[in-house]
Amino acid sequence: MTSESPLDATRAEEAWWKHAVIYQVYPRSFQDSNGDGVGDLAGVIARLDYLVALGVDAVWLSPIFCSPMDDFGYDVSDHTAIDPLFGDMSDFRRLVAEAHSRGLRVILDYIPNHTSDRHSWFKESRAARASRKRDWYVWRDPAPGGGAPNNWVSEFGGSAWTWDEATSQYYYHGFLRSQPDLNWRNPEVVEAMLDVLRFWLDEGVDGFRVDAIHFLFEDESLTDDPPNPHWHEGMPPTERVLRDHSLDQPEVHDAVALMRRLCDSYEDERVLIGEAYLPIERLMAYYGGALDGFHLPFNFHLITTPWTPTSISILVEAYESKLPNGGWPNWVLGNHDRHRIASRVGRDQARAAAMLLLTLRGTPTLYQGDELGMTNGDIAPDQVRDPWELNMPGLGLGRDPVRTPMLWDESPNAGFSAASPWLPLNADWSARHAAGQADDPASILNLYRRLIALRRREPALSLGDYKALAATDQVLAYERRFGARRLGVALNLSGEPAAIAGMTGRVLLSTHATDVGAALTGRLDLAPNEGLLFEFDR
Ligand code: NOJ
């Protein structure tokens with residue numbers, strides 16, 4: 001395609017993150033280059049060409065900063081240094097340069113809610129009640145009758161308050177006790193944390209995925225969270241209460257607006273993506289009242305919605321209709337915290353899921369390995385590493401199964417590492433690795449490549465309007481339109497053959513790679529689990 005094509009002109013008018021495909025790299029499990037069994041930055045650099053061949057536009061790296069790794073990097077002990085496990089600053093700079101030279105953007109994780117308890121800020125805060133940084137964290141006296149100040153719970157189990165013997169107060173932690181919450185009501189904290197963003201923006205990163213943003217503030221009056229009337233045995237104990245007072249408090253939006261203003265003060269549209277698992281209505285507030293919040297508040301609803309045409313169609317309509325004016329949609333099928341899509345919907349449906357993700361209106365984010373059809377790995381009890389599973393075993397909360405190493409090739413440890421990996425390989429690694437799939441036109445990897453390439457060629461897919469066409473028992477169908485160009489998507493979400501009427505046009509892509517180019521003359525037949533992308537007759 002020449003640089004003067006109308007499509008390029010169209011894309012150039014829109015911010016890059018609107019027509020981008022984002023790819024999440026979980027660095028520990030992507031590629032090890034130094035033989036310690038844990039992935040690193042040099043490893044990511046070595047695999048950039050794979051990402052170029054896949055066709056993605058941006059790489060989001062889960063945390064790479066100095067950390068004791070209690071929560072695998074989400075417990076930061078130095079925000080502006082690279083953990084030696086992953087390399088050093090020169091590796092990071094090389095990664096940014098190498099990515100940029102290939103046209104790939106780099107997005108970093110930013111963890112504003114908490115630090116590690118081994119961060120120098122917390123050490124100083126904890127040292128004495130009179131410490132200059134005491135108020136940088138959330139310290140409180142015991143409840144009047146003794147014990148924790150209130151009933152707030154930690155996401156990872158137990159009370160969210162930990163008693164500090166030396167200074168006789170509790171500190172608050174929405175996650176592990178070794179992840180104390182920062183006090184964003186303290187202006188010095190705000191400045192220090194904005195400085196962290198400045199540091200990485202000056203290093204040339206293209207944006208941030210902002211961790212656990214709805215945890216940033218808690219009700220200042222420490223009101224107890226009310227009981228959850230829907231809680232029953234088998235649900236995590238943390239869900240015994242509704243988090244009305246400990247999550248999603250109004251002040252969060254002012255803090256996000258400060259992050260946004262800072263990013264906007266840099267050239268080249270640095271993107272801000274917010275992580276918040278919230279109902280759609282509440283999620284929308286994270287765009288900011290004047291669209292001065294996140295560019296993309298992560299939309300995780302495909303992860304939790306039942307996998308049926310009706311449920312998904314209702315979800316898409318609800319999400320689209322609640323978007324604020326000018327707010328840009330986005331979709332996620334998986335990440336390092338949730339069960340793999342191929343395990344949730346089954347291997348047979350994973351292809352239709354890929355087509356859904358890459359043809360809905362809005363920026364898609366892919367999780368490493370989903371393009372290989374990876375399922376959850378099997379983790380034996382003595383291999384569990386995730387603190388969530390260790391704290392609350394057996395409830396299905398553990399995230400190790402989705403963090404198993406990338407499967408690259410037939411060599412030992414699937415080409416991930418010369419040493420035994422920190423988590424075991426998936427049992428089917430030899431049949432599923434990227435090298436084996438690369439030359440197989442029918443592989444799911446090549447389906448992802450074709451879908452991403454088509455999305456890049458067709459503004460109807462990246463920027464076009466969305467219109468629902470049908471949601472039957474088996475089939476979900478919709479149209480994407482850009483000017484006169486009308487594309488249709490029909491997904492058979494069942495394991496039986498299916499058909500829908502009223503479609504005339506020509507097939508552009510099938511998840512089953514069979515009917516490409518075939519004419520549609522009214523009735524559209526779909527094989528079990530098949531998705532078809534077609535152009536309508538004009
Ligand atoms: C969300 C992250 O994705 C997860 O991995 C982490 O454990 C928590 N936030 C705490 O930072």
# chains A, B, ... in the order shown; residues from 1 in each chain; ligands from 1
>>> residues_around(residues="region 464-475 of chain A", least_positions_apart="3", cutoff="8 Å", atoms="only C-alpha atoms", output="MDAnalysis selection string")
chainID A and resid 308:310 313 317 360:361 459:461 478:482 490:494 498:500
>>> closest_atom_pairs(of="chain A", to="ligand 1", cutoff="6 Å", atoms="only C-alpha atoms and all ligand atoms", output="tab-separated table")
residue	atom	partner	partner_atom_place_in_ligand_line	distance
A:Asp71	CA	ligand 1	7 (O)	5.7
A:Tyr74	CA	ligand 1	11 (O)	4.5
A:Asp211	CA	ligand 1	1 (C)	5.4
A:Ala212	CA	ligand 1	9 (N)	5.0
A:Asp337	CA	ligand 1	5 (O)	5.6
>>> residues_around(residues="Trp429 (chain A)", least_positions_apart="4", cutoff="7 Å", atoms="only C-alpha atoms", output="ChimeraX atom specification")
/A:407,414,425,433
>>> atom_distance(atom1="CA of Phe534 (chain A)", atom2="CA of Arg506 (chain A)")
5.4 Å
>>> residues_around(residues="Ser116 (chain A)", least_positions_apart="6", cutoff="12 Å", atoms="only C-alpha atoms", output="count of residues only")
27
>>> select_by_dssp(residues="region 53-149 of chain A", states="strand (DSSP E)", output="PyMOL selection string")
chain A and resi 58-61+65-66+78-82+105-110+139-140
>>> decode(residues="region 456-472 of chain A", atoms="N, CA and C atoms", output="PDB file, in the first residue's frame")
ATOM      1  N   ARG A 456      -6.099  -3.943   9.698  1.00  0.00           N
ATOM      2  CA  ARG A 456      -5.211  -2.848   9.336  1.00  0.00           C
ATOM      3  C   ARG A 456      -5.590  -2.278   7.960  1.00  0.00           C
ATOM      4  N   ARG A 457      -6.020  -3.165   7.054  1.00  0.00           N
ATOM      5  CA  ARG A 457      -6.377  -2.723   5.690  1.00  0.00           C
ATOM      6  C   ARG A 457      -7.738  -2.053   5.611  1.00  0.00           C
ATOM      7  N   GLU A 458      -8.629  -2.445   6.507  1.00  0.00           N
ATOM      8  CA  GLU A 458     -10.035  -2.051   6.372  1.00  0.00           C
ATOM      9  C   GLU A 458     -10.416  -1.057   7.460  1.00  0.00           C
ATOM     10  N   PRO A 459     -10.552   0.205   7.118  1.00  0.00           N
ATOM     11  CA  PRO A 459     -10.998   1.159   8.156  1.00  0.00           C
ATOM     12  C   PRO A 459     -12.372   0.816   8.698  1.00  0.00           C
ATOM     13  N   ALA A 460     -13.177   0.075   7.918  1.00  0.00           N
ATOM     14  CA  ALA A 460     -14.487  -0.329   8.457  1.00  0.00           C
ATOM     15  C   ALA A 460     -14.289  -1.127   9.743  1.00  0.00           C
ATOM     16  N   LEU A 461     -13.222  -1.939   9.809  1.00  0.00           N
ATOM     17  CA  LEU A 461     -12.996  -2.766  10.997  1.00  0.00           C
ATOM     18  C   LEU A 461     -12.382  -1.978  12.148  1.00  0.00           C
ATOM     19  N   SER A 462     -11.478  -1.058  11.820  1.00  0.00           N
ATOM     20  CA  SER A 462     -10.832  -0.351  12.924  1.00  0.00           C
ATOM     21  C   SER A 462     -11.653   0.863  13.354  1.00  0.00           C
ATOM     22  N   LEU A 463     -12.126   1.612  12.393  1.00  0.00           N
ATOM     23  CA  LEU A 463     -12.739   2.891  12.749  1.00  0.00           C
ATOM     24  C   LEU A 463     -14.234   2.963  12.451  1.00  0.00           C
ATOM     25  N   GLY A 464     -14.747   1.961  11.715  1.00  0.00           N
ATOM     26  CA  GLY A 464     -16.129   2.039  11.228  1.00  0.00           C
ATOM     27  C   GLY A 464     -17.191   1.936  12.311  1.00  0.00           C
ATOM     28  N   ASP A 465     -18.435   2.237  11.907  1.00  0.00           N
ATOM     29  CA  ASP A 465     -19.574   2.125  12.821  1.00  0.00           C
ATOM     30  C   ASP A 465     -19.911   0.661  13.055  1.00  0.00           C
ATOM     31  N   TYR A 466     -20.628   0.425  14.130  1.00  0.00           N
ATOM     32  CA  TYR A 466     -21.082  -0.931  14.472  1.00  0.00           C
ATOM     33  C   TYR A 466     -22.593  -0.975  14.401  1.00  0.00           C
ATOM     34  N   LYS A 467     -23.123  -2.020  13.800  1.00  0.00           N
ATOM     35  CA  LYS A 467     -24.581  -2.222  13.827  1.00  0.00           C
ATOM     36  C   LYS A 467     -24.879  -3.707  14.053  1.00  0.00           C
ATOM     37  N   ALA A 468     -25.731  -4.008  15.011  1.00  0.00           N
ATOM     38  CA  ALA A 468     -26.115  -5.412  15.248  1.00  0.00           C
ATOM     39  C   ALA A 468     -26.985  -5.887  14.097  1.00  0.00           C
ATOM     40  N   LEU A 469     -26.766  -7.124  13.664  1.00  0.00           N
ATOM     41  CA  LEU A 469     -27.599  -7.695  12.601  1.00  0.00           C
ATOM     42  C   LEU A 469     -28.471  -8.820  13.132  1.00  0.00           C
ATOM     43  N   ALA A 470     -27.911  -9.706  13.903  1.00  0.00           N
ATOM     44  CA  ALA A 470     -28.698 -10.841  14.394  1.00  0.00           C
ATOM     45  C   ALA A 470     -28.047 -11.442  15.626  1.00  0.00           C
ATOM     46  N   ALA A 471     -28.883 -11.947  16.509  1.00  0.00           N
ATOM     47  CA  ALA A 471     -28.404 -12.760  17.642  1.00  0.00           C
ATOM     48  C   ALA A 471     -29.404 -13.891  17.802  1.00  0.00           C
ATOM     49  N   THR A 472     -29.105 -15.029  17.191  1.00  0.00           N
ATOM     50  CA  THR A 472     -29.980 -16.195  17.293  1.00  0.00           C
ATOM     51  C   THR A 472     -29.452 -17.101  18.396  1.00  0.00           C
TER      52      THR A 472
END
